[in-house]
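Student: What follows is a single structure, and I will ask about it in a moment.
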Amino acid sequence: MLHKWKPFSFLEKPHICCRLSSLTFSKPSVSVARLLEEEPPLSRSHNDPVFEILSGLKKLGFRRFLSGDYFRSVVFSLDQLQVNKIINFLRVESPDFAVVFFDLMRNEYRFQHSRFSRFVVAHVLAGQRRLEELRFVLEQMLKEEGSGSAPSLCEHLLYGFRDWDKNSLVWDMLAFVYSRFEMVHDALYVLAKMKDLKLHASILTYNSLLYNLRHTGIMWDVYNEIKVSGITQSKQTNSIVIDGLCRQSKLQDAVSFLRETEATGLGPSIVSLNTIISRYCKLGFAGVAKSFFCMMLKYGLLPDSYSYNILIHGLCIAGSIEEALEFTSDMKKHGVEPDIVTYNILTKGFRLLGQMDGAWIVIQRMLDRGLNPDVVTFTILICGHCQNGNVKEGLKLREEMLSRGLQLSVLSYSVLLSSLCKVGQVQEALVLFYEMEEQGLEPDHVTYSILIHGLCKQGEVQSALLLYKEMCSKSIPPSSLSSGAILLSLCENGMIPEARVYFDSLIMNDWAHDIVLYNIMIDGYARHGNLEEALELYKIITEKGITPTTVTFNSLIYGFCKSRNLAEARRLLETIRLHGLEPTAVTYTTLMNAYCEDGNMRCMLEMLREMHAKGIRPTHVTYTVIIKGLCKQQKLQEAIRLLEDMRYMGLNPDQVTYNTIIQCFCKARNIKMAFKLLIEMWMNSLEPTPATYNILINGLCVHGNLKDANKLLISLHEQNIKLTRVAYTQIIKAHCVKGNAYSAFMFFCLMMEKGFEISIKDYSAVINRLCKRCLITEAQHFFCIMLSRGISPDQEICDVLFNACQQCGDLSFVYEMLAWTIKSGLLTQK
DNA sequence: CTAGGGTTAG
């Protein structure tokens, strides 16, 4: 291997830079002769820099020679082979200098050492038990060699250094460093070679490997090997196994393992018990966690601050803040002082209960104790405000942090980004995202997931994809979450075949067992009426042994409801329980809505009763469905009463709720009440949606006064309020039906002005209606606009116009139309 | 040991 100079790194050093121009790379300069004049080197070696360097070192001493002109003039021409010779020579003569020379070449001259030199120096360091440095040398080597390099490095070590002193230490450290760098396969390879050579690995190496493999079943292979090899286990060995079992969700095995090791004399360690307590807490079993805490005391082990913090945290997430506070005083009594982590945990505890005032009391106590809130404290507070929908307050806290000189972490930014996205302020989120990058913070896969998701939800799929690409280019591997966002957006945009191709590619990768991805795809199929494919995917899930969630079934139920197979939908409700899962409000609401659409109020109410009996709280969506049912039965007063009841029960009606009930009043020709409800929306700071206006405009067109509809739409149009094309098309339709071609034309222009895509369907809708009323000239007019916008007429539109011209007796246009149809190849056979 | 992200219903 040829060594490579890294010119730019040494050019940074001014003294070298100056010399560079005067350097000669061929023969030793005159100054060498002067340096060595006391005893000139052997003449035959004049051209051999290795010889000159070695004799120079000997004569002048290390420091003097290496800082001298000769060495500086010749150093840049040295290749790896020559450096190998020097180092190997020094190893025998004076091992310390071998290391110094090695370091100097690398640090001062950015010399890329060969494997041979590195291993030589590694052996020297191993011989002197300079383990930190040994590790460093091997770390440098493995950083450059990368993963998959173990076989060739082992070969090198095996054939080049077989009987060297302390060879086994170098092997062991090599395995250790591979393991630390998470190059597990390489580490295992080295260990296997060591086994062949009958070399023993140290417990540290085994522990490190055990640690890296603790997520997997291979952990046991390593553990058994430790037992077989007969080396003494350390305290950490058992803790790592227990941690691994916990991470593999084998909590029972972890407990049994703890009991087994108890007998072997080492006894359970604090760390092992802490791990188990932590696991039980995370699963929400604070009671079990407490019993292990007591067990710790029984063993005579004194709980440390970790033990207390873990338990206090467990109690907080279980909602038992009082008990958490009791343990906090308990820890003080036992001489363990609550630290910043304890206070942060308690703050979070209050935050989880929505008691922000309690959170502030904790912070006050923390301040009294002389502890300053840190980034975590602030993040918890920001989180609290954001989850209450108060992003503004969250942003204020950010200011506060900055004014205290606290740098926001990636995490605290992510909290803010997430809540900005949730309230639809994606642009603001992006601004904050760029600020974050400017601060030199590297967004991680969670940050990207949040933004990609936010953009997708806003329909900005292209920007989302750009961000996705950016993430991949930074070699942040896409997570199932960010990919899930893309998948979801493909489904939401109706691109089901594309979604499936993408889905298959995701399943081929690491996320073949992520049920959420399946759920998104199944829902995509169910939503777009492809129940067969949805069921096919469900079959695949069960075949793969993946546990479905209630969401999986909810989507299937939706699919069956959509295809009007209510019996099967209802049967699936029972299937949920057979899988040991609980139906949710979504399950029941989906079914209730289907019964409601079917006009089957009896079954709908039956579902509501069942829901109630099972203790599942209806949501505002459930109530909206019931309101819809009441409206269908023309029970308007009851609907209004339910709307009031909702608020009373703390369920806030949203836009859809109002849209439902407003539509109902429009149909009942009670336009006044419909507008009263619109005002009520405003008063509850609910921004009406485009659908709200569509309902009102339609109500005015069909059941009210068309002039009022005109006024409303024009006013909305002028105020630039977000509308859909439906607002325009339905009023155009109404005017056409009434024969107000001019008004229709005016609104048509307004619709075009707003930049809505106008399709042939819009033209034929107008032309059809105008023709029906024999408004041929007006229909022609729209026909001409259509042609001028580059839209080609289809068969149907030509037929309609042609027939109308004949029937209404406008023969002049018949010929024109005839010419047109011939020209377009759309001639009809009538 | 403490702080962040996803899927479903009207």
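Please note that chains go A, B, ... in the order of the structure tokens, that every chain numbers its residues from 1, and that ligands are numbered from 1 in the order shown.
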Skipping near chain neighbours, those fewer than 5 positions away, what residues fall within 10 Å of Arg247 (chain A) using only C-alpha atoms (C1' of nucleotides), listed as JSON, numbers by chain?

Tutor: {"A": [214, 215, 216, 241, 242, 254, 275, 279]}

Student: Compute the chain A side of the contact with chain B at 6 Å, counting only C-alpha atoms (C1' of nucleotides), and hand it back as a list of chain:residue names.

Tutor: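 Listed by rising number, the hits are A:Tyr306, A:Asn309, A:Ile310, A:Val341, A:Asn344, A:Ile345, A:Val376, A:Thr379, A:Ile380, A:Leu411, A:Ser414, A:Val415, A:Val446, A:Ser449, A:Ile450, A:Leu481, A:Val516, A:Asn519, A:Ile520, A:Val551, A:Asn554, A:Ser555, A:Val586, A:Thr589, A:Thr590, A:Val621, A:Thr624, A:Val625.
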
Student: Would you put the residues from that selection into a file with N, CA and C atoms, as an mmCIF file, in the first residue's frame?

Tutor:
data_model
loop_
_atom_site.group_PDB
_atom_site.id
_atom_site.type_symbol
_atom_site.label_atom_id
_atom_site.label_comp_id
_atom_site.auth_asym_id
_atom_site.auth_seq_id
_atom_site.Cartn_x
_atom_site.Cartn_y
_atom_site.Cartn_z
ATOM 1 N N TYR A 306 -29.717 6.646 41.636
ATOM 2 C CA TYR A 306 -30.353 6.071 40.459
ATOM 3 C C TYR A 306 -31.585 5.271 40.873
ATOM 4 N N ASN A 309 -34.308 7.625 41.802
ATOM 5 C CA ASN A 309 -34.830 8.363 40.654
ATOM 6 C C ASN A 309 -35.677 7.471 39.749
ATOM 7 N N ILE A 310 -35.199 6.252 39.556
ATOM 8 C CA ILE A 310 -35.947 5.327 38.699
ATOM 9 C C ILE A 310 -37.328 5.077 39.288
ATOM 10 N N VAL A 341 -31.815 15.594 38.530
ATOM 11 C CA VAL A 341 -32.630 14.598 37.831
ATOM 12 C C VAL A 341 -33.917 14.329 38.618
ATOM 13 N N ASN A 344 -36.232 17.148 38.081
ATOM 14 C CA ASN A 344 -36.789 17.115 36.720
ATOM 15 C C ASN A 344 -37.885 16.062 36.607
ATOM 16 N N ILE A 345 -37.629 14.909 37.237
ATOM 17 C CA ILE A 345 -38.628 13.833 37.188
ATOM 18 C C ILE A 345 -39.936 14.302 37.841
ATOM 19 N N VAL A 376 -32.951 20.119 30.411
ATOM 20 C CA VAL A 376 -34.026 19.129 30.561
ATOM 21 C C VAL A 376 -35.235 19.756 31.252
ATOM 22 N N THR A 379 -37.003 21.839 28.863
ATOM 23 C CA THR A 379 -37.671 21.041 27.830
ATOM 24 C C THR A 379 -38.971 20.457 28.361
ATOM 25 N N ILE A 380 -38.943 20.013 29.620
ATOM 26 C CA ILE A 380 -40.161 19.468 30.220
ATOM 27 C C ILE A 380 -41.243 20.551 30.263
ATOM 28 N N LEU A 411 -33.274 17.970 21.200
ATOM 29 C CA LEU A 411 -34.543 17.530 21.754
ATOM 30 C C LEU A 411 -35.511 18.669 22.022
ATOM 31 N N SER A 414 -36.906 19.834 18.938
ATOM 32 C CA SER A 414 -37.867 18.878 18.386
ATOM 33 C C SER A 414 -39.240 19.023 19.014
ATOM 34 N N VAL A 415 -39.263 19.284 20.321
ATOM 35 C CA VAL A 415 -40.548 19.466 21.002
ATOM 36 C C VAL A 415 -41.293 20.643 20.364
ATOM 37 N N VAL A 446 -35.348 11.784 14.556
ATOM 38 C CA VAL A 446 -36.639 12.174 15.127
ATOM 39 C C VAL A 446 -37.044 13.547 14.581
ATOM 40 N N SER A 449 -38.234 13.194 11.173
ATOM 41 C CA SER A 449 -39.551 12.539 11.137
ATOM 42 C C SER A 449 -40.659 13.539 11.401
ATOM 43 N N ILE A 450 -40.438 14.384 12.407
ATOM 44 C CA ILE A 450 -41.447 15.365 12.780
ATOM 45 C C ILE A 450 -41.767 16.270 11.591
ATOM 46 N N LEU A 481 -40.365 5.692 11.017
ATOM 47 C CA LEU A 481 -41.293 6.802 11.227
ATOM 48 C C LEU A 481 -41.281 7.792 10.088
ATOM 49 N N VAL A 516 -47.074 -0.532 12.443
ATOM 50 C CA VAL A 516 -47.656 0.743 12.013
ATOM 51 C C VAL A 516 -47.586 0.897 10.492
ATOM 52 N N ASN A 519 -50.272 -1.027 9.120
ATOM 53 C CA ASN A 519 -51.541 -0.337 9.391
ATOM 54 C C ASN A 519 -51.795 0.774 8.383
ATOM 55 N N ILE A 520 -50.754 1.546 8.076
ATOM 56 C CA ILE A 520 -50.924 2.653 7.131
ATOM 57 C C ILE A 520 -51.344 2.111 5.760
ATOM 58 N N VAL A 551 -55.694 -0.634 15.849
ATOM 59 C CA VAL A 551 -55.761 0.217 14.653
ATOM 60 C C VAL A 551 -55.914 -0.643 13.396
ATOM 61 N N ASN A 554 -59.428 -1.584 13.229
ATOM 62 C CA ASN A 554 -60.266 -0.413 12.961
ATOM 63 C C ASN A 554 -60.315 -0.112 11.462
ATOM 64 N N SER A 555 -59.143 -0.206 10.817
ATOM 65 C CA SER A 555 -59.106 0.087 9.386
ATOM 66 C C SER A 555 -59.873 -0.968 8.603
ATOM 67 N N VAL A 586 -62.560 4.767 18.550
ATOM 68 C CA VAL A 586 -62.532 4.813 17.080
ATOM 69 C C VAL A 586 -63.299 3.618 16.510
ATOM 70 N N THR A 589 -66.994 4.231 17.014
ATOM 71 C CA THR A 589 -67.476 5.363 16.226
ATOM 72 C C THR A 589 -67.593 4.988 14.750
ATOM 73 N N THR A 590 -66.612 4.220 14.270
ATOM 74 C CA THR A 590 -66.660 3.785 12.875
ATOM 75 C C THR A 590 -67.944 2.985 12.623
ATOM 76 N N VAL A 621 -65.858 12.989 18.237
ATOM 77 C CA VAL A 621 -66.251 12.408 16.941
ATOM 78 C C VAL A 621 -67.481 11.522 17.123
ATOM 79 N N THR A 624 -70.412 13.615 17.294
ATOM 80 C CA THR A 624 -70.753 14.170 15.986
ATOM 81 C C THR A 624 -71.581 13.163 15.193
ATOM 82 N N VAL A 625 -71.197 11.894 15.304
ATOM 83 C CA VAL A 625 -71.952 10.853 14.601
ATOM 84 C C VAL A 625 -73.376 10.773 15.150
#

Student: Quick one, how far is CA of Ser208 (chain A) from CA of Pro443 (chain A)?

Tutor: 28.5 Å

Student: Quick one: DSSP alpha helix (DSSP H) residues in region 633-690 of chain A, as a PyMOL selection string?

Tutor: chain A and resi 636-648+655-667+671-683+690

Student: Can you pull out the residues contacting Tyr558 (chain A)? Cut-off 12 Å, using only C-alpha atoms (C1' of nucleotides), and skip same-chain residues under 2 positions away; I want them as a PyMOL selection string.

Tutor: (chain A and resi 522-531+534-535+551-556+560-566+568-570+572-573+586-595) or (chain B and resi 8-9)

Student: Which neighbours of region 596-599 of chain A fall inside 8 Å, counting only C-alpha atoms (C1' of nucleotides), when residues of the same chain fewer than 5 positions from it are skipped, and could you give them as a list in words?

Tutor: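 The residues that qualify are Met604, Val625, Ile626, Lys628, Gly629 and Lys632 of chain A.
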
Student: Limited to N, CA and C atoms, could you put the picked residues into a file as an mmCIF file, in the first residue's frame?

Tutor:
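Everything below was put into again_36.cif:
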data_model
loop_
_atom_site.group_PDB
_atom_site.id
_atom_site.type_symbol
_atom_site.label_atom_id
_atom_site.label_comp_id
_atom_site.auth_asym_id
_atom_site.auth_seq_id
_atom_site.Cartn_x
_atom_site.Cartn_y
_atom_site.Cartn_z
ATOM 1 N N MET A 604 -77.102 1.695 15.986
ATOM 2 C CA MET A 604 -76.151 2.741 16.355
ATOM 3 C C MET A 604 -76.189 2.968 17.870
ATOM 4 N N VAL A 625 -71.197 11.894 15.304
ATOM 5 C CA VAL A 625 -71.952 10.853 14.601
ATOM 6 C C VAL A 625 -73.376 10.773 15.150
ATOM 7 N N ILE A 626 -73.494 10.833 16.475
ATOM 8 C CA ILE A 626 -74.843 10.770 17.064
ATOM 9 C C ILE A 626 -75.665 11.976 16.609
ATOM 10 N N LYS A 628 -75.322 13.559 13.897
ATOM 11 C CA LYS A 628 -75.696 13.299 12.501
ATOM 12 C C LYS A 628 -76.934 12.412 12.446
ATOM 13 N N GLY A 629 -76.946 11.395 13.323
ATOM 14 C CA GLY A 629 -78.097 10.492 13.389
ATOM 15 C C GLY A 629 -79.368 11.236 13.769
ATOM 16 N N LYS A 632 -80.615 13.265 10.946
ATOM 17 C CA LYS A 632 -81.287 12.427 9.938
ATOM 18 C C LYS A 632 -82.734 12.170 10.324
#

Student: Which residues come within 10 Å of Phe257 (chain A), counting only C-alpha atoms (C1' of nucleotides), excluding same-chain residues fewer than 3 positions away, as JSON, numbers by chain?

Tutor: {"A": [238, 239, 241, 242, 245, 251, 252, 253, 254, 260, 261, 262, 268]}

Student: Output N, CA and C atoms for every residue in that selection, as a PDB file, in the first residue's frame.

Tutor:
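Once written, selection-v8.pdb looks like this:
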ATOM      1  N   ASN A 238     -23.045  -9.842  34.645  1.00  0.00           N
ATOM      2  CA  ASN A 238     -24.434 -10.165  34.972  1.00  0.00           C
ATOM      3  C   ASN A 238     -25.370  -8.993  34.713  1.00  0.00           C
ATOM      4  N   SER A 239     -24.909  -7.798  35.024  1.00  0.00           N
ATOM      5  CA  SER A 239     -25.758  -6.629  34.790  1.00  0.00           C
ATOM      6  C   SER A 239     -26.079  -6.477  33.310  1.00  0.00           C
ATOM      7  N   VAL A 241     -26.207  -8.858  31.057  1.00  0.00           N
ATOM      8  CA  VAL A 241     -27.164  -9.894  30.661  1.00  0.00           C
ATOM      9  C   VAL A 241     -28.579  -9.475  31.088  1.00  0.00           C
ATOM     10  N   ILE A 242     -28.680  -8.973  32.299  1.00  0.00           N
ATOM     11  CA  ILE A 242     -30.001  -8.566  32.791  1.00  0.00           C
ATOM     12  C   ILE A 242     -30.562  -7.414  31.960  1.00  0.00           C
ATOM     13  N   LEU A 245     -31.736  -8.857  28.680  1.00  0.00           N
ATOM     14  CA  LEU A 245     -33.018  -9.560  28.788  1.00  0.00           C
ATOM     15  C   LEU A 245     -34.167  -8.570  28.912  1.00  0.00           C
ATOM     16  N   LEU A 251     -38.588 -10.070  30.694  1.00  0.00           N
ATOM     17  CA  LEU A 251     -38.448  -9.617  32.062  1.00  0.00           C
ATOM     18  C   LEU A 251     -38.417 -10.786  33.037  1.00  0.00           C
ATOM     19  N   GLN A 252     -39.226 -11.796  32.747  1.00  0.00           N
ATOM     20  CA  GLN A 252     -39.249 -12.973  33.623  1.00  0.00           C
ATOM     21  C   GLN A 252     -37.882 -13.652  33.642  1.00  0.00           C
ATOM     22  N   ASP A 253     -37.300 -13.803  32.442  1.00  0.00           N
ATOM     23  CA  ASP A 253     -35.965 -14.416  32.349  1.00  0.00           C
ATOM     24  C   ASP A 253     -34.947 -13.593  33.121  1.00  0.00           C
ATOM     25  N   ALA A 254     -35.111 -12.268  33.053  1.00  0.00           N
ATOM     26  CA  ALA A 254     -34.166 -11.392  33.759  1.00  0.00           C
ATOM     27  C   ALA A 254     -34.235 -11.646  35.259  1.00  0.00           C
ATOM     28  N   GLU A 260     -30.626 -16.759  39.893  1.00  0.00           N
ATOM     29  CA  GLU A 260     -29.574 -17.767  39.695  1.00  0.00           C
ATOM     30  C   GLU A 260     -28.217 -17.227  40.112  1.00  0.00           C
ATOM     31  N   THR A 261     -27.937 -15.998  39.673  1.00  0.00           N
ATOM     32  CA  THR A 261     -26.606 -15.454  39.949  1.00  0.00           C
ATOM     33  C   THR A 261     -26.429 -15.129  41.425  1.00  0.00           C
ATOM     34  N   GLU A 262     -27.562 -14.897  42.076  1.00  0.00           N
ATOM     35  CA  GLU A 262     -27.567 -14.686  43.511  1.00  0.00           C
ATOM     36  C   GLU A 262     -26.810 -15.819  44.196  1.00  0.00           C
ATOM     37  N   PRO A 268     -26.740 -10.136  43.656  1.00  0.00           N
ATOM     38  CA  PRO A 268     -27.251  -9.122  42.733  1.00  0.00           C
ATOM     39  C   PRO A 268     -26.555  -7.786  42.984  1.00  0.00           C
TER      40      PRO A 268
END

Student: Quick one: residues within 9 Å of Tyr223 (chain A), only C-alpha atoms (C1' of nucleotides), excluding same-chain residues fewer than 3 positions away - as a VMD selection string?

Tutor: chain A and resid 206 to 207 210 218 to 220 226 to 228 237 241

Student: Find the distance between CA of Arg91 (chain A) and CA of Ala150 (chain A) and write it in Å to one decimal.

Tutor: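 Rounded to one decimal, the two atoms are 25.0 Å apart.
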